[in-house]
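Right, one structure below, let's go through it.
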Amino acid sequence: MNDPSGRARKTALTSYDILQTSAEPGYDDLVALATQICDTPVGLISFVSSDRQWFKARIGFAPCETPLSQSVCAHALAEGEILIIPDLTLDPRTRDNTLVTGEPFIRFYAGAVLKAANGVAIGTLCVIDTVPRPDGLTPQQRSGLQALARQVMSQLELRRAIGERDRALTLSDEARDALQISEERFRLSSRATTDVMWDWDREGDAFHWDGALTRVYGHVASIVAPTAAWWFERIHPEDRERVRRRVLGAHESGSRWADAYRFQRADGSYADVLNQAFLIRNKAGRVVRMTGVMLDNSARVAADEHQTLLNHELSHRLKNTLAMVQAIAAQTLRNAASLDDARDALLRRLIALGKAHDILLASNTEQAGMEAVIRGALALHDNQQAGRFRIDGPALEIGPKAALALALMIHELATNAAKYGSLSTETGHVGIRWRIEEADDAPQVRLGWTEEGGPPVTAPTRAGFGTRLIERGLAGTIGGVVKLAYHPSGVVCDLVAPLAGFQEKVEILN
């Protein structure tokens, strides 16, 4: 039977080149976080191919793959975003599954669907328990599991980008090896191309360049010395002997030659070139001439260097994001009064961080709007009551470093207000206002958080991680000063920081 969805999954998985690869810490860490957030003994990154499911990372589950007949994840692929089955023995899709009826007797399942860039579902980040969970996942656990699933796909997209780059380089090498140029094609094509075509009579050492030598590199072809020595002298000193050795070696064996090196222009600068030729032999097998073409490869070399830089930057951003998640998790667990408190605080902070990332990605730039970042951080506490949040300030684009730190700071302020301050009552409200002020040395941003209408406020007896994050997080990241005051009428937080710090376009964890 034809299975279009199975073929689409197989094609997508092939493009990521992920199946049967070795374990990698980045994926293992994401599974570990998923099991901690959802409080389950089993966690898996599962890819569903056309005939089996294979696990890239796993905790609490021994097999590295199972047949599709045992796959619960295969059912999740048709659910859209997430599938939660509180009791696998009661669901007609899974009650006869041998992993349910026999060892390890799994009972609860929750899987966030992993979707490729083209929308094809390829697997899940799932958590499993051996006891039923009638209530499934909490909203925070559900959001946290989906946020981690998006991080899995970010890792996969990085893998594919690097693979596509490497394959492009391989294809280019094959194209160079396959190039063969006859004398007739040389004469006809030399008039219609900007690539420099040349011909070397090996026996008489007569070297001829076509007119493109002048157009591309500035040398007047009609007056340059018609010998191979002139050519070798224009090769960069660091490349010269290697090229000379390979050219002479090609005369001894083979029918083609190709090499990349730096060639000197008439103005003294160097171009990255790709030179390739077809060797012509006499009946005795001796090379009598070489006919070839020299392509200016400078643009491609620059593009490759830029692509390498982008790959490093993408890898750096993913590592920074994971490092930030790990740092937040460690500090949250260290300062929490109980495991339940830690789990709730960690989930909310991860969601706030994820919303800030979504805003940055949605803008398709290296900046985000300040108001959008603030509203995203307040989303968990917005009950749609008119006047609950009074947000006011000029349009201001801020860099990724400031956006992530600001989102975490606003989230912590809102969380404290919901527990102890103005957001804990129906009539309370919060004012968030910012403005740009002129200072002696450079413009600065003043941001204020003011709570009103809540119960009387007293200062906490100890400063936990949340308080330190408010007082030092954003100010420490971009420079500036934060003042946190506990007035009886409500908490007031005032931040003053350089505008340049808000708009800096560097990573938050360099």
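Here's how to read the names in the structure tokens: chain A, B, ... by the order shown, residue numbers from 1 in each chain, ligand numbers from 1 in the order shown.
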Segment 122-285 of chain A: residues DSSP assigns to strand (DSSP E), reported as a short mmCIF file (atom, residue, chain, number, x, y, z; two decimals) with N, CA and C atoms, in the first residue's frame:
```cif
data_model
loop_
_atom_site.label_atom_id
_atom_site.label_comp_id
_atom_site.auth_asym_id
_atom_site.auth_seq_id
_atom_site.Cartn_x
_atom_site.Cartn_y
_atom_site.Cartn_z
N ILE A 122 8.03 14.39 11.79
CA ILE A 122 9.05 13.33 11.65
C ILE A 122 9.26 12.55 12.93
N GLY A 123 8.67 12.97 14.03
CA GLY A 123 8.87 12.25 15.28
C GLY A 123 8.36 13.07 16.45
N THR A 124 8.82 12.72 17.65
CA THR A 124 8.36 13.41 18.85
C THR A 124 9.49 13.52 19.87
N LEU A 125 9.35 14.51 20.75
CA LEU A 125 10.05 14.53 22.04
C LEU A 125 8.99 14.08 23.04
N CYS A 126 9.15 12.88 23.60
CA CYS A 126 8.08 12.31 24.41
C CYS A 126 8.58 11.93 25.80
N VAL A 127 7.62 11.89 26.74
CA VAL A 127 7.87 11.41 28.09
C VAL A 127 6.86 10.31 28.39
N ILE A 128 7.30 9.31 29.18
CA ILE A 128 6.50 8.11 29.43
C ILE A 128 6.58 7.77 30.92
N ASP A 129 5.46 7.26 31.46
CA ASP A 129 5.45 6.80 32.84
C ASP A 129 4.84 5.40 32.89
N VAL A 196 39.02 33.20 -18.07
CA VAL A 196 40.24 33.28 -18.88
C VAL A 196 40.60 31.89 -19.42
N MET A 197 40.65 31.77 -20.73
CA MET A 197 41.01 30.51 -21.36
C MET A 197 42.45 30.60 -21.84
N TRP A 198 43.14 29.47 -21.75
CA TRP A 198 44.56 29.47 -22.08
C TRP A 198 44.95 28.16 -22.75
N ASP A 199 46.11 28.21 -23.40
CA ASP A 199 46.62 27.02 -24.10
C ASP A 199 48.15 27.03 -23.96
N TRP A 200 48.69 25.89 -23.54
CA TRP A 200 50.14 25.78 -23.33
C TRP A 200 50.69 24.67 -24.20
N ASP A 201 51.53 25.06 -25.18
CA ASP A 201 52.26 24.10 -26.00
C ASP A 201 53.44 23.63 -25.17
N ALA A 206 55.16 27.38 -25.46
CA ALA A 206 54.45 28.55 -25.97
C ALA A 206 53.11 28.64 -25.24
N PHE A 207 52.91 29.72 -24.51
CA PHE A 207 51.74 29.88 -23.65
C PHE A 207 50.88 31.01 -24.20
N HIS A 208 49.61 30.73 -24.43
CA HIS A 208 48.70 31.73 -24.99
C HIS A 208 47.52 31.95 -24.05
N TRP A 209 47.25 33.24 -23.75
CA TRP A 209 46.08 33.63 -22.97
C TRP A 209 45.08 34.34 -23.88
N ARG A 256 43.63 14.95 -16.79
CA ARG A 256 43.08 16.22 -16.36
C ARG A 256 43.91 16.78 -15.21
N TRP A 257 43.79 18.09 -15.05
CA TRP A 257 44.47 18.76 -13.93
C TRP A 257 43.57 19.88 -13.44
N ALA A 258 43.54 20.07 -12.12
CA ALA A 258 42.77 21.18 -11.54
C ALA A 258 43.41 21.57 -10.23
N ASP A 259 43.39 22.86 -9.94
CA ASP A 259 43.95 23.34 -8.67
C ASP A 259 43.35 24.71 -8.36
N ALA A 260 43.33 25.05 -7.08
CA ALA A 260 42.88 26.36 -6.62
C ALA A 260 44.06 27.07 -5.98
N TYR A 261 44.25 28.34 -6.30
CA TYR A 261 45.37 29.09 -5.75
C TYR A 261 45.08 30.59 -5.90
N ARG A 262 46.06 31.41 -5.52
CA ARG A 262 45.92 32.86 -5.62
C ARG A 262 46.76 33.38 -6.78
N PHE A 263 46.11 34.15 -7.65
CA PHE A 263 46.75 34.67 -8.85
C PHE A 263 46.81 36.19 -8.77
N GLN A 264 47.98 36.75 -9.11
CA GLN A 264 48.19 38.18 -8.97
C GLN A 264 47.57 38.97 -10.12
N TYR A 270 45.63 40.03 -5.18
CA TYR A 270 45.49 38.62 -5.55
C TYR A 270 44.02 38.22 -5.61
N ALA A 271 43.72 37.40 -6.62
CA ALA A 271 42.38 36.82 -6.76
C ALA A 271 42.45 35.33 -6.45
N ASP A 272 41.41 34.81 -5.80
CA ASP A 272 41.29 33.36 -5.62
C ASP A 272 40.77 32.78 -6.93
N VAL A 273 41.54 31.86 -7.53
CA VAL A 273 41.16 31.31 -8.83
C VAL A 273 41.05 29.79 -8.75
N LEU A 274 40.27 29.26 -9.66
CA LEU A 274 40.18 27.81 -9.88
C LEU A 274 40.63 27.55 -11.30
N ASN A 275 41.75 26.88 -11.46
CA ASN A 275 42.33 26.63 -12.78
C ASN A 275 42.23 25.15 -13.07
N GLN A 276 41.79 24.82 -14.28
CA GLN A 276 41.57 23.42 -14.63
C GLN A 276 41.84 23.23 -16.11
N ALA A 277 42.32 22.06 -16.45
CA ALA A 277 42.78 21.86 -17.83
C ALA A 277 42.64 20.41 -18.26
N PHE A 278 42.64 20.25 -19.56
CA PHE A 278 42.62 18.94 -20.21
C PHE A 278 43.98 18.71 -20.85
N LEU A 279 44.58 17.55 -20.58
CA LEU A 279 45.91 17.24 -21.10
C LEU A 279 45.79 16.50 -22.43
N ILE A 280 46.55 16.95 -23.41
CA ILE A 280 46.54 16.32 -24.74
C ILE A 280 47.87 15.61 -24.95
N ARG A 281 47.81 14.34 -25.29
CA ARG A 281 49.02 13.53 -25.46
C ARG A 281 49.18 13.11 -26.92
#
```
List the neighbours of segment 447-464 of chain A out to 9 Å using only C-alpha atoms; skip same-chain residues closer than 6 positions along the sequence, and give me the result as an MDAnalysis selection string.
-> chainID A and resid 335:336 393 410 413 417 420:436 485:497
For N, CA and C atoms, I'd like the residues from the last selection saved as a compact mmCIF listing (two decimals), in the first residue's frame.
```
# COMPACT_ATOMS: atom_id res chain seq x y z
N ASN A 335 17.56 27.45 44.63
CA ASN A 335 16.91 28.42 45.50
C ASN A 335 15.46 28.06 45.84
N ALA A 336 14.94 26.98 45.29
CA ALA A 336 13.53 26.66 45.51
C ALA A 336 13.31 26.00 46.86
N GLY A 393 5.17 53.81 26.04
CA GLY A 393 6.54 54.20 25.73
C GLY A 393 6.72 54.33 24.23
N ILE A 410 10.94 41.14 33.40
CA ILE A 410 9.51 41.45 33.47
C ILE A 410 8.72 40.24 33.97
N LEU A 413 9.12 40.08 37.78
CA LEU A 413 8.31 41.11 38.42
C LEU A 413 6.83 40.73 38.42
N ALA A 417 4.33 39.92 41.53
CA ALA A 417 3.09 40.69 41.68
C ALA A 417 1.88 39.77 41.77
N TYR A 420 2.22 38.16 45.49
CA TYR A 420 2.16 39.00 46.69
C TYR A 420 1.67 40.43 46.43
N GLY A 421 1.64 40.88 45.19
CA GLY A 421 1.40 42.28 44.91
C GLY A 421 0.08 42.58 44.22
N SER A 422 0.12 43.57 43.32
CA SER A 422 -1.12 44.10 42.74
C SER A 422 -1.85 43.10 41.86
N LEU A 423 -1.14 42.15 41.26
CA LEU A 423 -1.82 41.19 40.39
C LEU A 423 -2.48 40.06 41.18
N SER A 424 -2.33 40.08 42.50
CA SER A 424 -3.00 39.05 43.33
C SER A 424 -4.44 39.43 43.66
N THR A 425 -4.86 40.63 43.26
CA THR A 425 -6.24 41.07 43.50
C THR A 425 -6.91 41.39 42.17
N GLU A 426 -8.23 41.45 42.19
CA GLU A 426 -8.99 41.75 40.98
C GLU A 426 -8.83 43.21 40.55
N THR A 427 -8.62 44.11 41.52
CA THR A 427 -8.59 45.53 41.20
C THR A 427 -7.19 46.07 40.98
N GLY A 428 -6.18 45.26 41.24
CA GLY A 428 -4.81 45.74 41.11
C GLY A 428 -4.37 45.88 39.65
N HIS A 429 -3.40 46.72 39.42
CA HIS A 429 -2.87 46.89 38.07
C HIS A 429 -1.40 47.27 38.14
N VAL A 430 -0.75 47.21 36.99
CA VAL A 430 0.68 47.49 36.88
C VAL A 430 0.90 48.49 35.75
N GLY A 431 1.73 49.48 35.99
CA GLY A 431 2.13 50.41 34.95
C GLY A 431 3.56 50.14 34.52
N ILE A 432 3.78 49.95 33.23
CA ILE A 432 5.13 49.76 32.68
C ILE A 432 5.36 50.89 31.67
N ARG A 433 6.28 51.76 31.97
CA ARG A 433 6.51 52.92 31.11
C ARG A 433 8.00 53.10 30.89
N TRP A 434 8.36 53.54 29.71
CA TRP A 434 9.76 53.82 29.42
C TRP A 434 9.85 55.08 28.55
N ARG A 435 11.00 55.69 28.61
CA ARG A 435 11.27 56.86 27.78
C ARG A 435 12.77 56.96 27.54
N ILE A 436 13.13 57.72 26.54
CA ILE A 436 14.54 57.95 26.22
C ILE A 436 14.91 59.33 26.71
N ALA A 485 12.11 48.98 45.00
CA ALA A 485 11.59 49.53 46.26
C ALA A 485 10.26 48.86 46.60
N TYR A 486 10.08 48.55 47.91
CA TYR A 486 8.86 47.89 48.39
C TYR A 486 8.05 48.91 49.20
N HIS A 487 7.27 49.75 48.49
CA HIS A 487 6.38 50.70 49.15
C HIS A 487 5.11 49.97 49.62
N PRO A 488 4.50 50.42 50.69
CA PRO A 488 3.24 49.78 51.13
C PRO A 488 2.19 49.75 50.03
N SER A 489 2.19 50.76 49.17
CA SER A 489 1.18 50.83 48.11
C SER A 489 1.50 49.90 46.93
N GLY A 490 2.71 49.40 46.89
CA GLY A 490 3.07 48.49 45.80
C GLY A 490 4.55 48.56 45.46
N VAL A 491 5.03 47.53 44.76
CA VAL A 491 6.44 47.46 44.37
C VAL A 491 6.70 48.46 43.25
N VAL A 492 7.85 49.12 43.32
CA VAL A 492 8.30 50.04 42.27
C VAL A 492 9.70 49.61 41.85
N CYS A 493 9.89 49.43 40.56
CA CYS A 493 11.21 49.07 40.02
C CYS A 493 11.58 50.10 38.97
N ASP A 494 12.78 50.66 39.10
CA ASP A 494 13.23 51.71 38.18
C ASP A 494 14.58 51.30 37.59
N LEU A 495 14.65 51.28 36.26
CA LEU A 495 15.88 50.91 35.56
C LEU A 495 16.34 52.08 34.71
N VAL A 496 17.62 52.41 34.77
CA VAL A 496 18.23 53.40 33.89
C VAL A 496 19.45 52.74 33.27
N ALA A 497 19.51 52.68 31.92
CA ALA A 497 20.60 52.01 31.22
C ALA A 497 20.88 52.72 29.90
```
Could you pull out all residues of segment 385-464 of chain A with a DSSP call of helix (DSSP H, G or I) and give them as a PyMOL selection string?
-> chain A and resi 400-420+422-424
If you keep N, CA and C atoms, can you produce a file of those selected residues as a compact mmCIF listing (two decimals), in the first residue's frame?
```
# COMPACT_ATOMS: atom_id res chain seq x y z
N PRO A 400 19.10 41.31 20.67
CA PRO A 400 18.73 40.02 21.27
C PRO A 400 19.18 39.86 22.71
N LYS A 401 20.34 40.41 23.06
CA LYS A 401 20.82 40.30 24.42
C LYS A 401 19.86 41.00 25.38
N ALA A 402 19.48 42.24 25.06
CA ALA A 402 18.57 42.99 25.91
C ALA A 402 17.18 42.36 25.92
N ALA A 403 16.72 41.85 24.77
CA ALA A 403 15.37 41.28 24.69
C ALA A 403 15.20 40.09 25.63
N LEU A 404 16.18 39.18 25.63
CA LEU A 404 16.07 37.99 26.48
C LEU A 404 16.15 38.37 27.96
N ALA A 405 17.08 39.26 28.31
CA ALA A 405 17.21 39.67 29.71
C ALA A 405 15.99 40.45 30.18
N LEU A 406 15.44 41.33 29.32
CA LEU A 406 14.25 42.09 29.67
C LEU A 406 13.06 41.17 29.89
N ALA A 407 12.90 40.17 29.01
CA ALA A 407 11.77 39.24 29.15
C ALA A 407 11.82 38.51 30.50
N LEU A 408 13.03 38.07 30.90
CA LEU A 408 13.14 37.37 32.17
C LEU A 408 12.87 38.31 33.34
N MET A 409 13.35 39.55 33.26
CA MET A 409 13.13 40.52 34.35
C MET A 409 11.63 40.82 34.51
N ILE A 410 10.94 41.14 33.40
CA ILE A 410 9.51 41.45 33.47
C ILE A 410 8.72 40.24 33.97
N HIS A 411 9.13 39.04 33.53
CA HIS A 411 8.44 37.83 34.00
C HIS A 411 8.56 37.69 35.51
N GLU A 412 9.76 37.93 36.06
CA GLU A 412 9.94 37.79 37.51
C GLU A 412 9.13 38.84 38.26
N LEU A 413 9.12 40.08 37.78
CA LEU A 413 8.31 41.11 38.42
C LEU A 413 6.83 40.73 38.42
N ALA A 414 6.34 40.22 37.27
CA ALA A 414 4.93 39.84 37.17
C ALA A 414 4.60 38.66 38.07
N THR A 415 5.54 37.70 38.16
CA THR A 415 5.32 36.54 39.03
C THR A 415 5.20 36.98 40.49
N ASN A 416 6.10 37.85 40.93
CA ASN A 416 6.03 38.34 42.31
C ASN A 416 4.74 39.13 42.54
N ALA A 417 4.33 39.92 41.53
CA ALA A 417 3.09 40.69 41.68
C ALA A 417 1.88 39.77 41.77
N ALA A 418 1.90 38.65 41.03
CA ALA A 418 0.79 37.71 41.07
C ALA A 418 0.72 36.98 42.41
N LYS A 419 1.88 36.77 43.04
CA LYS A 419 1.90 36.05 44.33
C LYS A 419 1.60 36.98 45.51
N TYR A 420 2.22 38.16 45.49
CA TYR A 420 2.16 39.00 46.69
C TYR A 420 1.67 40.43 46.43
N SER A 422 0.12 43.57 43.32
CA SER A 422 -1.12 44.10 42.74
C SER A 422 -1.85 43.10 41.86
N LEU A 423 -1.14 42.15 41.26
CA LEU A 423 -1.82 41.19 40.39
C LEU A 423 -2.48 40.06 41.18
N SER A 424 -2.33 40.08 42.50
CA SER A 424 -3.00 39.05 43.33
C SER A 424 -4.44 39.43 43.66
```
Which one of A:Thr40, A:Gln385, A:Thr214, A:Ser338 sits closest to Phe108 of chain A if you count only C-alpha atoms?
->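 Smallest distance to Phe108 of chain A is found for A:Thr40.
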For segment 77-87 of chain A, list every protein, DNA or RNA residue within 6 Å, evaluated using only C-alpha atoms, and leave out those in the same chain fewer than 3 positions away; present the list as a PyMOL selection string.
-> chain A and resi 74+90+107-113+121+132-134+136
Select, from A:Pro41, A:Asp296, A:Val48, A:Gly204, the residue with the minimum atom-to-atom distance to Leu19 of chain A, counting only C-alpha atoms.
->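 For Leu19 of chain A, the nearest of the candidates is A:Val48.
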Which residues, written as a count of residues only, have at least one atom at most 10 Å from Glu24 of chain A, with only C-alpha atoms counted and residues fewer than 5 positions away on the same chain left out?
-> 3
Best match for closeness to Arg244 of chain A among A:Trp231, A:Cys73, A:Val445, A:Pro139, counting only C-alpha atoms = A:Trp231
